[in-house]
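So the structure is just underneath, and the comments pick up after that.
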Amino acid sequence: SAVPAVVKAKTLTAKAVEKKKVQVSANGSASLRRIMKEYGDFQKDPPHCGGFFVSELDVRKWKAVLTGREGTPYAGGNFLLTFEFPNEYPFKPIKVKFVTRIYHPNINSNGSICLDILKDCWSPALNASKVLLSIDSLLGCPNPDDPLVPTVAQLYLDDREAFNKRAQEYTQKHAFETFEALASEHLS
């Protein structure tokens, strides 16, 4: 699908990506080369659940849009996340946070995410697209046994209908209905 014009103006164009690749190759940083390769791979084969946008100023800082999957209480919402690649990437995990508020047992009000691949189970074989897909899976299948927000996990276990209703309310209140609305407000 085509990227809205408002996003094209604020993110790296294909020409800018090529220019950055040349600059990255010149300074020899393996981490930066890997990050740019991932962005190029993403442009060729984007994950089904969302998209990425690289800062024009710092290729280590990405924003991601995750679209809530049908059949979950997050359906109809577009959630903004930040991805920050450490200098030791890919040997250290990407730092990922939700910017958009969400009601979930594994995501707190600060946007922190309790997901094993972002901590102890990180592997250099993982990449930003796989992380986004894992977060998408977490939205569809919360892990109440390892909660970041115990009260939300307890509601999930005790009363799934009430949990779903509250998560839908948060989605309607905080998540963006359209990609264009999210882009115009946050992707600049």
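In the structure tokens, the first chain shown is A, the next is B, and so on; residue numbers restart at 1 for each chain, and ligands run from 1 in the order shown.
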
Considering only helix (DSSP H, G or I) as DSSP defines it on the backbone, what residues of region 38-156 of chain A qualify? List them as a PyMOL selection string. chain A and resi 38-44+116-118+128-140+150-156

Name all residues at most 8 Å from Trp62 (chain A) (count only C-alpha atoms; drop same-chain ones fewer than 2 positions away) and give them as JSON, numbers by chain. {"A": [52, 53, 54, 55, 59, 60, 64, 82, 83, 84]}

Just-selected residues, N, CA and C atoms written as an mmCIF file, in the first residue's frame:
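Saved file out_38.cif follows:
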data_model
loop_
_atom_site.group_PDB
_atom_site.id
_atom_site.type_symbol
_atom_site.label_atom_id
_atom_site.label_comp_id
_atom_site.auth_asym_id
_atom_site.auth_seq_id
_atom_site.Cartn_x
_atom_site.Cartn_y
_atom_site.Cartn_z
ATOM 1 N N PHE A 52 7.330 1.104 9.514
ATOM 2 C CA PHE A 52 8.406 1.819 10.185
ATOM 3 C C PHE A 52 8.735 3.109 9.457
ATOM 4 N N PHE A 53 9.225 4.080 10.228
ATOM 5 C CA PHE A 53 9.660 5.356 9.689
ATOM 6 C C PHE A 53 10.948 5.742 10.389
ATOM 7 N N VAL A 54 11.978 6.027 9.611
ATOM 8 C CA VAL A 54 13.289 6.352 10.157
ATOM 9 C C VAL A 54 13.431 7.860 10.268
ATOM 10 N N SER A 55 13.995 8.307 11.371
ATOM 11 C CA SER A 55 14.268 9.732 11.552
ATOM 12 C C SER A 55 15.293 10.189 10.528
ATOM 13 N N VAL A 59 19.448 7.623 12.242
ATOM 14 C CA VAL A 59 18.946 6.347 11.716
ATOM 15 C C VAL A 59 18.761 5.300 12.810
ATOM 16 N N ARG A 60 19.236 5.574 14.005
ATOM 17 C CA ARG A 60 19.034 4.644 15.127
ATOM 18 C C ARG A 60 17.676 4.831 15.797
ATOM 19 N N ALA A 64 7.307 3.319 14.736
ATOM 20 C CA ALA A 64 6.563 2.224 14.122
ATOM 21 C C ALA A 64 5.083 2.447 14.361
ATOM 22 N N THR A 82 8.038 3.613 19.595
ATOM 23 C CA THR A 82 9.394 4.059 19.255
ATOM 24 C C THR A 82 10.328 2.858 19.317
ATOM 25 N N PHE A 83 11.274 2.835 18.405
ATOM 26 C CA PHE A 83 12.320 1.808 18.348
ATOM 27 C C PHE A 83 13.653 2.543 18.399
ATOM 28 N N GLU A 84 14.475 2.235 19.390
ATOM 29 C CA GLU A 84 15.811 2.822 19.473
ATOM 30 C C GLU A 84 16.841 1.710 19.451
#

Excluding same-chain residues fewer than 6 positions from Pro142 (chain A), what lies within 9 Å of it counting only C-alpha atoms, as a PDB file with C-alpha atoms, in the first residue's frame?
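Once written, out_30.pdb looks like this:
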ATOM      1  CA  HIS A 104      -2.709  -4.596  28.281  1.00  0.00           C
ATOM      2  CA  PRO A 105      -1.248  -6.760  31.066  1.00  0.00           C
ATOM      3  CA  ASN A 106       2.216  -6.719  29.491  1.00  0.00           C
ATOM      4  CA  ALA A 153      -3.587  -9.399  34.220  1.00  0.00           C
ATOM      5  CA  TYR A 156      -7.822 -10.710  32.006  1.00  0.00           C
TER       6      TYR A 156
END

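Reported to one decimal place, the separation of CA of Asp146 (chain A) from CA of Leu126 (chain A) is 21.6 Å.
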
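For the residues A:Cys114, A:Ala125, A:Leu80, A:Ile135, ranking by smallest atom-to-atom distance to Arg101 (chain A) using only C-alpha atoms places A:Leu80 first.
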
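Rounded to one decimal, CA of Leu157 (chain A) and CA of Leu132 (chain A) lie 25.0 Å from each other.
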
Shell around Asp120 (chain A) at 10 Å using only C-alpha atoms, local window under 3 positions removed, as a PyMOL selection string: chain A and resi 92-93+115-117+123

Just-selected residues, all heavy atoms written as a compact mmCIF listing (two decimals), in the first residue's frame:
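The resulting result.txt:
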# COMPACT_ATOMS: atom_id res chain seq x y z
N LYS A 92 22.78 -6.34 21.24
CA LYS A 92 21.91 -5.88 22.32
C LYS A 92 20.53 -5.62 21.72
O LYS A 92 20.42 -5.21 20.57
CB LYS A 92 22.44 -4.58 22.95
CG LYS A 92 23.79 -4.72 23.59
CD LYS A 92 23.66 -5.34 24.96
CE LYS A 92 25.03 -5.35 25.61
NZ LYS A 92 25.02 -5.99 26.89
N PRO A 93 19.46 -5.82 22.50
CA PRO A 93 18.10 -5.67 21.95
C PRO A 93 17.73 -4.22 21.66
O PRO A 93 18.25 -3.28 22.25
CB PRO A 93 17.20 -6.24 23.04
CG PRO A 93 17.99 -6.14 24.29
CD PRO A 93 19.44 -6.26 23.89
N LEU A 115 8.28 -8.33 27.27
CA LEU A 115 8.36 -9.31 26.19
C LEU A 115 9.77 -9.88 26.23
O LEU A 115 10.75 -9.13 26.15
CB LEU A 115 8.07 -8.64 24.85
CG LEU A 115 8.03 -9.51 23.61
CD1 LEU A 115 6.92 -10.56 23.71
CD2 LEU A 115 7.82 -8.66 22.36
N ASP A 116 9.88 -11.19 26.35
CA ASP A 116 11.18 -11.83 26.56
C ASP A 116 12.23 -11.51 25.49
O ASP A 116 13.40 -11.35 25.81
CB ASP A 116 11.03 -13.34 26.73
CG ASP A 116 10.40 -14.03 25.53
OD1 ASP A 116 9.99 -13.34 24.56
OD2 ASP A 116 10.28 -15.27 25.56
N ILE A 117 11.82 -11.34 24.24
CA ILE A 117 12.83 -11.07 23.20
C ILE A 117 13.40 -9.66 23.30
O ILE A 117 14.42 -9.37 22.67
CB ILE A 117 12.29 -11.32 21.76
CG1 ILE A 117 11.18 -10.35 21.41
CG2 ILE A 117 11.90 -12.77 21.59
CD1 ILE A 117 10.86 -10.30 19.93
N SER A 123 18.24 -12.18 20.43
CA SER A 123 19.21 -12.86 19.58
C SER A 123 19.55 -11.95 18.40
O SER A 123 18.66 -11.28 17.87
CB SER A 123 18.61 -14.17 19.06
OG SER A 123 19.35 -14.65 17.96

Spatial neighbours of Val65 (chain A), max dist 8 Å, only C-alpha atoms, sep filter under 2 positions, as a tab-separated table (two decimals) with all heavy atoms, in the first residue's frame:
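The resulting file, out-v7.tsv, is shown below:
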chain	number	residue	atom	x	y	z
A	50	GLY	N	2.03	-3.54	10.32
A	50	GLY	CA	2.36	-2.14	10.52
A	50	GLY	C	3.50	-1.67	9.65
A	50	GLY	O	3.80	-2.29	8.64
A	51	GLY	N	4.12	-0.57	10.08
A	51	GLY	CA	5.19	0.00	9.28
A	51	GLY	C	6.18	0.77	10.13
A	51	GLY	O	5.94	1.06	11.30
A	52	PHE	N	7.33	1.10	9.51
A	52	PHE	CA	8.41	1.82	10.19
A	52	PHE	C	8.73	3.11	9.46
A	52	PHE	O	8.61	3.19	8.24
A	52	PHE	CB	9.69	0.98	10.20
A	52	PHE	CG	9.61	-0.25	11.03
A	52	PHE	CD1	9.53	-1.50	10.44
A	52	PHE	CD2	9.62	-0.17	12.41
A	52	PHE	CE1	9.48	-2.64	11.21
A	52	PHE	CE2	9.55	-1.31	13.19
A	52	PHE	CZ	9.49	-2.55	12.59
A	63	LYS	N	10.25	5.16	14.28
A	63	LYS	CA	8.90	5.10	14.80
A	63	LYS	C	8.21	3.98	14.05
A	63	LYS	O	8.51	3.72	12.89
A	63	LYS	CB	8.17	6.43	14.61
A	63	LYS	CG	8.74	7.52	15.52
A	63	LYS	CD	7.97	8.79	15.44
A	63	LYS	CE	8.58	9.81	16.38
A	63	LYS	NZ	7.87	11.08	16.32
A	67	THR	N	-0.96	-1.76	13.67
A	67	THR	CA	-2.40	-1.74	13.47
A	67	THR	C	-3.03	-2.89	14.23
A	67	THR	O	-2.61	-4.04	14.07
A	67	THR	CB	-2.73	-1.84	11.96
A	67	THR	OG1	-2.11	-0.73	11.30
A	67	THR	CG2	-4.22	-1.80	11.71
A	78	ASN	N	-4.61	2.34	15.53
A	78	ASN	CA	-3.24	2.43	15.03
A	78	ASN	C	-2.40	2.96	16.19
A	78	ASN	O	-2.63	4.06	16.68
A	78	ASN	CB	-3.16	3.37	13.83
A	78	ASN	CG	-3.79	2.77	12.61
A	78	ASN	OD1	-3.27	1.79	12.08
A	78	ASN	ND2	-4.91	3.30	12.17
A	79	PHE	N	-1.44	2.15	16.63
A	79	PHE	CA	-0.63	2.45	17.80
A	79	PHE	C	0.77	2.87	17.38
A	79	PHE	O	1.40	2.22	16.55
A	79	PHE	CB	-0.55	1.21	18.70
A	79	PHE	CG	-1.89	0.75	19.19
A	79	PHE	CD1	-2.65	-0.13	18.44
A	79	PHE	CD2	-2.40	1.21	20.39
A	79	PHE	CE1	-3.89	-0.55	18.88
A	79	PHE	CE2	-3.64	0.80	20.83
A	79	PHE	CZ	-4.40	-0.09	20.08
A	80	LEU	N	1.25	3.95	17.97
A	80	LEU	CA	2.59	4.44	17.68
A	80	LEU	C	3.56	3.89	18.71
A	80	LEU	O	3.28	3.91	19.91
A	80	LEU	CB	2.60	5.98	17.72
A	80	LEU	CG	3.93	6.64	17.37
A	80	LEU	CD1	4.29	6.38	15.91
A	80	LEU	CD2	3.86	8.14	17.64
A	81	LEU	N	4.72	3.40	18.22
A	81	LEU	CA	5.78	2.90	19.07
A	81	LEU	C	7.09	3.56	18.66
A	81	LEU	O	7.24	4.00	17.52
A	81	LEU	CB	5.94	1.38	18.91
A	81	LEU	CG	4.79	0.50	19.34
A	81	LEU	CD1	3.81	0.29	18.21
A	81	LEU	CD2	5.32	-0.84	19.79

Work out how far CA of Phe91 (chain A) is from CA of Pro124 (chain A), in Å to one decimal.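 Pair CA of Pro124 (chain A) / CA of Phe91 (chain A) returns 5.4 Å.
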
Identify, with DSSP run on backbone atoms, the residues in region 53-90 of chain A assigned to strand (DSSP E or B), and express the list as a PyMOL selection string. chain A and resi 53-54+61-67+78-84
